[in-house]
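A.B. asks: Next comes the structure file input.pdb, holding PDB, C-alpha atoms.
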ATOM      1  CA  MET D   1      17.606  34.709 108.152  1.00  0.00           C
ATOM      2  CA  ILE D   2      15.582  37.296 106.293  1.00  0.00           C
ATOM      3  CA  LYS D   3      12.161  36.348 104.927  1.00  0.00           C
ATOM      4  CA  ARG D   4      11.040  37.646 101.604  1.00  0.00           C
ATOM      5  CA  ARG D   5       7.529  38.915 101.235  1.00  0.00           C
ATOM      6  CA  THR D   6       6.894  37.946  97.640  1.00  0.00           C
ATOM      7  CA  LYS D   7       3.745  36.095  96.863  1.00  0.00           C
ATOM      8  CA  THR D   8       2.782  34.647  93.540  1.00  0.00           C
ATOM      9  CA  ILE D   9      -0.458  35.963  92.177  1.00  0.00           C
ATOM     10  CA  GLY D  10      -2.581  33.220  90.656  1.00  0.00           C
ATOM     11  CA  ILE D  11      -4.471  35.414  88.157  1.00  0.00           C
ATOM     12  CA  PHE D  12      -4.408  34.727  84.439  1.00  0.00           C
ATOM     13  CA  SER D  13      -5.303  37.538  82.065  1.00  0.00           C
ATOM     14  CA  MET D  14      -7.863  36.421  79.471  1.00  0.00           C
ATOM     15  CA  SER D  15      -7.764  39.664  77.460  1.00  0.00           C
ATOM     16  CA  SER D  16      -5.287  38.407  74.872  1.00  0.00           C
ATOM     17  CA  MET D  17      -7.243  35.179  74.436  1.00  0.00           C
ATOM     18  CA  THR D  18     -10.517  37.045  73.921  1.00  0.00           C
ATOM     19  CA  ASP D  19      -8.839  39.305  71.341  1.00  0.00           C
ATOM     20  CA  ILE D  20      -7.772  36.276  69.311  1.00  0.00           C
ATOM     21  CA  ILE D  21     -11.209  34.663  69.545  1.00  0.00           C
ATOM     22  CA  PHE D  22     -12.857  37.936  68.517  1.00  0.00           C
ATOM     23  CA  LEU D  23     -10.575  38.290  65.484  1.00  0.00           C
ATOM     24  CA  LEU D  24     -11.259  34.696  64.433  1.00  0.00           C
ATOM     25  CA  LEU D  25     -14.991  35.287  64.785  1.00  0.00           C
ATOM     26  CA  ILE D  26     -14.812  38.354  62.544  1.00  0.00           C
ATOM     27  CA  PHE D  27     -12.694  36.479  60.001  1.00  0.00           C
ATOM     28  CA  PHE D  28     -15.144  33.563  59.742  1.00  0.00           C
ATOM     29  CA  MET D  29     -18.164  35.860  59.587  1.00  0.00           C
ATOM     30  CA  LEU D  30     -16.658  37.815  56.693  1.00  0.00           C
ATOM     31  CA  THR D  31     -15.478  34.803  54.726  1.00  0.00           C
ATOM     32  CA  SER D  32     -18.769  32.938  55.134  1.00  0.00           C
ATOM     33  CA  THR D  33     -20.687  35.805  53.494  1.00  0.00           C
ATOM     34  CA  ILE D  34     -18.377  35.756  50.475  1.00  0.00           C
ATOM     35  CA  VAL D  35     -18.997  32.094  49.647  1.00  0.00           C
ATOM     36  CA  VAL D  36     -22.462  31.357  48.248  1.00  0.00           C
ATOM     37  CA  PRO D  37     -22.660  27.575  48.064  1.00  0.00           C
ATOM     38  CA  ASN D  38     -25.341  25.757  46.175  1.00  0.00           C
ATOM     39  CA  ALA D  39     -26.865  23.941  49.131  1.00  0.00           C
ATOM     40  CA  ILE D  40     -29.223  21.868  47.021  1.00  0.00           C
ATOM     41  CA  LYS D  41     -27.491  18.644  46.072  1.00  0.00           C
ATOM     42  CA  VAL D  42     -28.116  17.811  42.428  1.00  0.00           C
ATOM     43  CA  ASN D  43     -26.228  15.194  40.435  1.00  0.00           C
ATOM     44  CA  LEU D  44     -25.940  16.989  37.082  1.00  0.00           C
ATOM     45  CA  PRO D  45     -25.487  15.163  33.795  1.00  0.00           C
ATOM     46  CA  GLN D  46     -22.110  15.470  32.126  1.00  0.00           C
ATOM     47  CA  GLY D  47     -21.488  17.975  29.312  1.00  0.00           C
ATOM     48  CA  LYS D  48     -18.610  19.412  27.292  1.00  0.00           C
ATOM     49  CA  GLU D  49     -19.530  23.084  26.857  1.00  0.00           C
ATOM     50  CA  ARG D  50     -19.782  25.721  29.550  1.00  0.00           C
ATOM     51  CA  ALA D  51     -21.804  28.947  29.584  1.00  0.00           C
ATOM     52  CA  HIS D  52     -19.660  32.061  29.575  1.00  0.00           C
ATOM     53  CA  THR D  53     -22.075  34.225  31.564  1.00  0.00           C
ATOM     54  CA  GLN D  54     -23.647  33.681  34.936  1.00  0.00           C
ATOM     55  CA  PRO D  55     -27.411  33.022  34.991  1.00  0.00           C
ATOM     56  CA  MET D  56     -29.581  35.568  36.772  1.00  0.00           C
ATOM     57  CA  ALA D  57     -32.157  32.981  37.819  1.00  0.00           C
ATOM     58  CA  ARG D  58     -32.016  29.284  38.633  1.00  0.00           C
ATOM     59  CA  ILE D  59     -34.567  26.525  38.657  1.00  0.00           C
ATOM     60  CA  THR D  60     -33.345  23.404  40.452  1.00  0.00           C
ATOM     61  CA  ILE D  61     -35.046  20.010  40.437  1.00  0.00           C
ATOM     62  CA  ASP D  62     -33.553  17.489  42.844  1.00  0.00           C
ATOM     63  CA  LYS D  63     -33.839  13.685  42.756  1.00  0.00           C
ATOM     64  CA  ASP D  64     -37.043  13.806  44.857  1.00  0.00           C
ATOM     65  CA  LEU D  65     -38.708  16.055  42.216  1.00  0.00           C
ATOM     66  CA  THR D  66     -38.614  19.030  44.561  1.00  0.00           C
ATOM     67  CA  TYR D  67     -38.422  22.359  42.747  1.00  0.00           C
ATOM     68  CA  TYR D  68     -36.318  25.286  43.965  1.00  0.00           C
ATOM     69  CA  ALA D  69     -36.157  28.794  42.519  1.00  0.00           C
ATOM     70  CA  GLN D  70     -33.391  31.337  43.027  1.00  0.00           C
ATOM     71  CA  TRP D  71     -32.940  34.888  41.742  1.00  0.00           C
ATOM     72  CA  GLY D  72     -29.366  36.232  41.694  1.00  0.00           C
ATOM     73  CA  LYS D  73     -27.546  35.575  44.947  1.00  0.00           C
ATOM     74  CA  GLU D  74     -30.702  35.280  47.035  1.00  0.00           C
ATOM     75  CA  LYS D  75     -31.338  32.087  48.944  1.00  0.00           C
ATOM     76  CA  ALA D  76     -33.094  29.353  46.953  1.00  0.00           C
ATOM     77  CA  MET D  77     -36.750  28.917  47.886  1.00  0.00           C
ATOM     78  CA  ARG D  78     -38.860  25.819  47.483  1.00  0.00           C
ATOM     79  CA  ILE D  79     -41.688  26.128  44.974  1.00  0.00           C
ATOM     80  CA  GLU D  80     -44.283  23.825  43.463  1.00  0.00           C
ATOM     81  CA  ASP D  81     -43.979  22.766  39.831  1.00  0.00           C
ATOM     82  CA  THR D  82     -47.077  24.838  39.077  1.00  0.00           C
ATOM     83  CA  GLN D  83     -45.294  27.990  40.303  1.00  0.00           C
ATOM     84  CA  VAL D  84     -42.405  27.801  37.810  1.00  0.00           C
ATOM     85  CA  ALA D  85     -44.177  29.964  35.213  1.00  0.00           C
ATOM     86  CA  ALA D  86     -45.021  32.617  37.809  1.00  0.00           C
ATOM     87  CA  PHE D  87     -41.429  32.667  39.073  1.00  0.00           C
ATOM     88  CA  LEU D  88     -40.054  33.067  35.547  1.00  0.00           C
ATOM     89  CA  ALA D  89     -42.552  35.854  34.806  1.00  0.00           C
ATOM     90  CA  GLU D  90     -41.480  37.638  37.986  1.00  0.00           C
ATOM     91  CA  CYS D  91     -37.821  37.300  36.991  1.00  0.00           C
ATOM     92  CA  SER D  92     -38.577  38.620  33.514  1.00  0.00           C
ATOM     93  CA  ALA D  93     -40.304  41.636  35.057  1.00  0.00           C
ATOM     94  CA  LYS D  94     -37.119  42.379  37.026  1.00  0.00           C
ATOM     95  CA  ASP D  95     -34.885  42.038  33.964  1.00  0.00           C
ATOM     96  CA  SER D  96     -36.223  41.409  30.456  1.00  0.00           C
ATOM     97  CA  GLU D  97     -32.795  40.242  29.194  1.00  0.00           C
ATOM     98  CA  MET D  98     -32.352  37.627  31.904  1.00  0.00           C
ATOM     99  CA  PHE D  99     -31.642  33.993  31.245  1.00  0.00           C
ATOM    100  CA  VAL D 100     -32.380  31.037  33.449  1.00  0.00           C
ATOM    101  CA  ALA D 101     -30.226  28.022  34.276  1.00  0.00           C
ATOM    102  CA  LEU D 102     -32.006  24.738  34.834  1.00  0.00           C
ATOM    103  CA  TYR D 103     -30.226  22.452  37.313  1.00  0.00           C
ATOM    104  CA  ALA D 104     -31.886  19.044  37.033  1.00  0.00           C
ATOM    105  CA  ASP D 105     -30.671  15.856  38.675  1.00  0.00           C
ATOM    106  CA  GLU D 106     -29.695  13.268  36.075  1.00  0.00           C
ATOM    107  CA  ASP D 107     -31.942  10.649  37.690  1.00  0.00           C
ATOM    108  CA  ILE D 108     -35.246  12.539  37.335  1.00  0.00           C
ATOM    109  CA  PRO D 109     -37.678  11.724  34.533  1.00  0.00           C
ATOM    110  CA  TYR D 110     -36.944  13.565  31.311  1.00  0.00           C
ATOM    111  CA  SER D 111     -40.540  14.834  31.246  1.00  0.00           C
ATOM    112  CA  GLU D 112     -39.830  17.110  34.237  1.00  0.00           C
ATOM    113  CA  VAL D 113     -36.997  18.818  32.352  1.00  0.00           C
ATOM    114  CA  VAL D 114     -39.143  19.165  29.244  1.00  0.00           C
ATOM    115  CA  LYS D 115     -41.973  20.673  31.310  1.00  0.00           C
ATOM    116  CA  VAL D 116     -39.733  23.526  32.492  1.00  0.00           C
ATOM    117  CA  LEU D 117     -38.139  23.985  29.066  1.00  0.00           C
ATOM    118  CA  ASN D 118     -41.614  24.262  27.498  1.00  0.00           C
ATOM    119  CA  ILE D 119     -42.612  26.996  29.955  1.00  0.00           C
ATOM    120  CA  ALA D 120     -39.471  28.924  29.065  1.00  0.00           C
ATOM    121  CA  ASN D 121     -39.983  28.400  25.331  1.00  0.00           C
ATOM    122  CA  GLU D 122     -43.650  29.481  25.388  1.00  0.00           C
ATOM    123  CA  ASN D 123     -42.727  32.728  27.141  1.00  0.00           C
ATOM    124  CA  LYS D 124     -39.543  33.363  25.095  1.00  0.00           C
ATOM    125  CA  TYR D 125     -37.213  33.132  28.107  1.00  0.00           C
ATOM    126  CA  LYS D 126     -33.577  32.276  27.494  1.00  0.00           C
ATOM    127  CA  MET D 127     -32.754  29.053  29.298  1.00  0.00           C
ATOM    128  CA  VAL D 128     -29.689  26.850  29.574  1.00  0.00           C
ATOM    129  CA  LEU D 129     -29.436  23.349  30.949  1.00  0.00           C
ATOM    130  CA  ALA D 130     -26.681  23.113  33.567  1.00  0.00           C
ATOM    131  CA  THR D 131     -24.272  20.201  33.320  1.00  0.00           C
ATOM    132  CA  ARG D 132     -21.113  19.165  35.106  1.00  0.00           C
ATOM    133  CA  ARG D 133     -17.740  19.079  33.425  1.00  0.00           C
ATOM    134  CA  PRO D 134     -16.198  15.725  32.500  1.00  0.00           C
ATOM    135  CA  GLY D 135     -14.296  14.256  35.440  1.00  0.00           C
ATOM    136  CA  SER D 136     -16.051  16.357  38.125  1.00  0.00           C
ATOM    137  CA  LYS D 137     -18.519  14.950  40.616  1.00  0.00           C
TER
END
How does this structure look as structure tokens?

C.D. replies:
Amino acid sequence: MIKRRTKTIGIFSMSSMTDIIFLLLIFFMLTSTIVVPNAIKVNLPQGKERAHTQPMARITIDKDLTYYAQWGKEKAMRIEDTQVAAFLAECSAKDSEMFVALYADEDIPYSEVVKVLNIANENKYKMVLATRRPGSK
């Protein structure tokens, strides 16, 4: 009887697996930069109308009365309520035709909303109050 000299090699090539993982990593990195979620959770009051242009600046007041300010697509930064006027002045210096969207939780005291609206009115800034559409949560 003749013996064969074939041995099985127990090596598994990981190159194809690493290629797939690398492509998935690139895909998720690219798609995550496209989406700019509003990470601050605010329960907006309901409204019927919708603004037709995107605001350049945002002031957000959450249910804990924490203020956040955001310019364009930059990350929202936490500010004190006394810094709202300075933030709006800085935004106006960047673009004199800018308008600001106020995102206020529906459970906060009405006086907090009025405080920000008064600052905008005194300085002649254009401001809109953000609401959610009927049926959305």

A.B. asks: Which residues would end up in the selection if the PyMOL selection byres ((chain D and resi 70) around 6) were applied here, given that I need the answer as an MDAnalysis selection string?

C.D. replies: chainID D and resid 57:58 69 71 76

A.B. asks: Any chance you could resolve the PyMOL selection byres ((chain D and resi 68) around 10) against this file and give the residues as a ChimeraX atom specification?

C.D. replies: /D:40,58-62,65-67,69-70,75-81,84,103

A.B. asks: Compile the contact shell of Ile108 of chain D as a VMD selection string: residues with an atom at most 8 Å away, counting all atoms listed in the file, same-chain residues fewer than 2 positions apart removed.

C.D. replies: chain D and resid 62 to 65 104 to 106 110 112

A.B. asks: Select all residues near (-42.1, 26.0, 32.9) (cut-off 10 Å, inclusive, file coordinates), counting only C-alpha atoms, and output them as a ChimeraX atom specification.

C.D. replies: /D:59,81-88,112-123,125

A.B. asks: Kindly give the distance, in Å, that separates atom CA of Glu74 of chain D and atom CA of Ile26 of chain D, rounded to a single decimal.

C.D. replies: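 So the two atoms, atom CA of Glu74 of chain D and atom CA of Ile26 of chain D, lie 22.4 Å apart.
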
A.B. asks: In Å, with one decimal, what is the gap from atom CA of Val100 of chain D to atom CA of Lys124 of chain D?

C.D. replies: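 Taking atom CA of Val100 of chain D and atom CA of Lys124 of chain D, their separation equals 11.2 Å.
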
A.B. asks: Please indicate the distance in Å from atom CA of Lys94 of chain D to atom CA of Leu129 of chain D, rounded to one decimal place.

C.D. replies: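 Going from atom CA of Lys94 of chain D over to atom CA of Leu129 of chain D covers 21.4 Å.
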
A.B. asks: Could you tell me, as a list in words, exactly which residues end up selected when the PyMOL selection byres ((chain D and resi 99) around 9) is applied to this structure?

C.D. replies: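 On the file shown, the PyMOL selection byres ((chain D and resi 99) around 9) covers Gln54, Pro55, Met56, Ala57, Arg58, Ser92, Ser96, Glu97, Met98, Val100, Ala101, Tyr125, Lys126, Met127 and Val128 of chain D.
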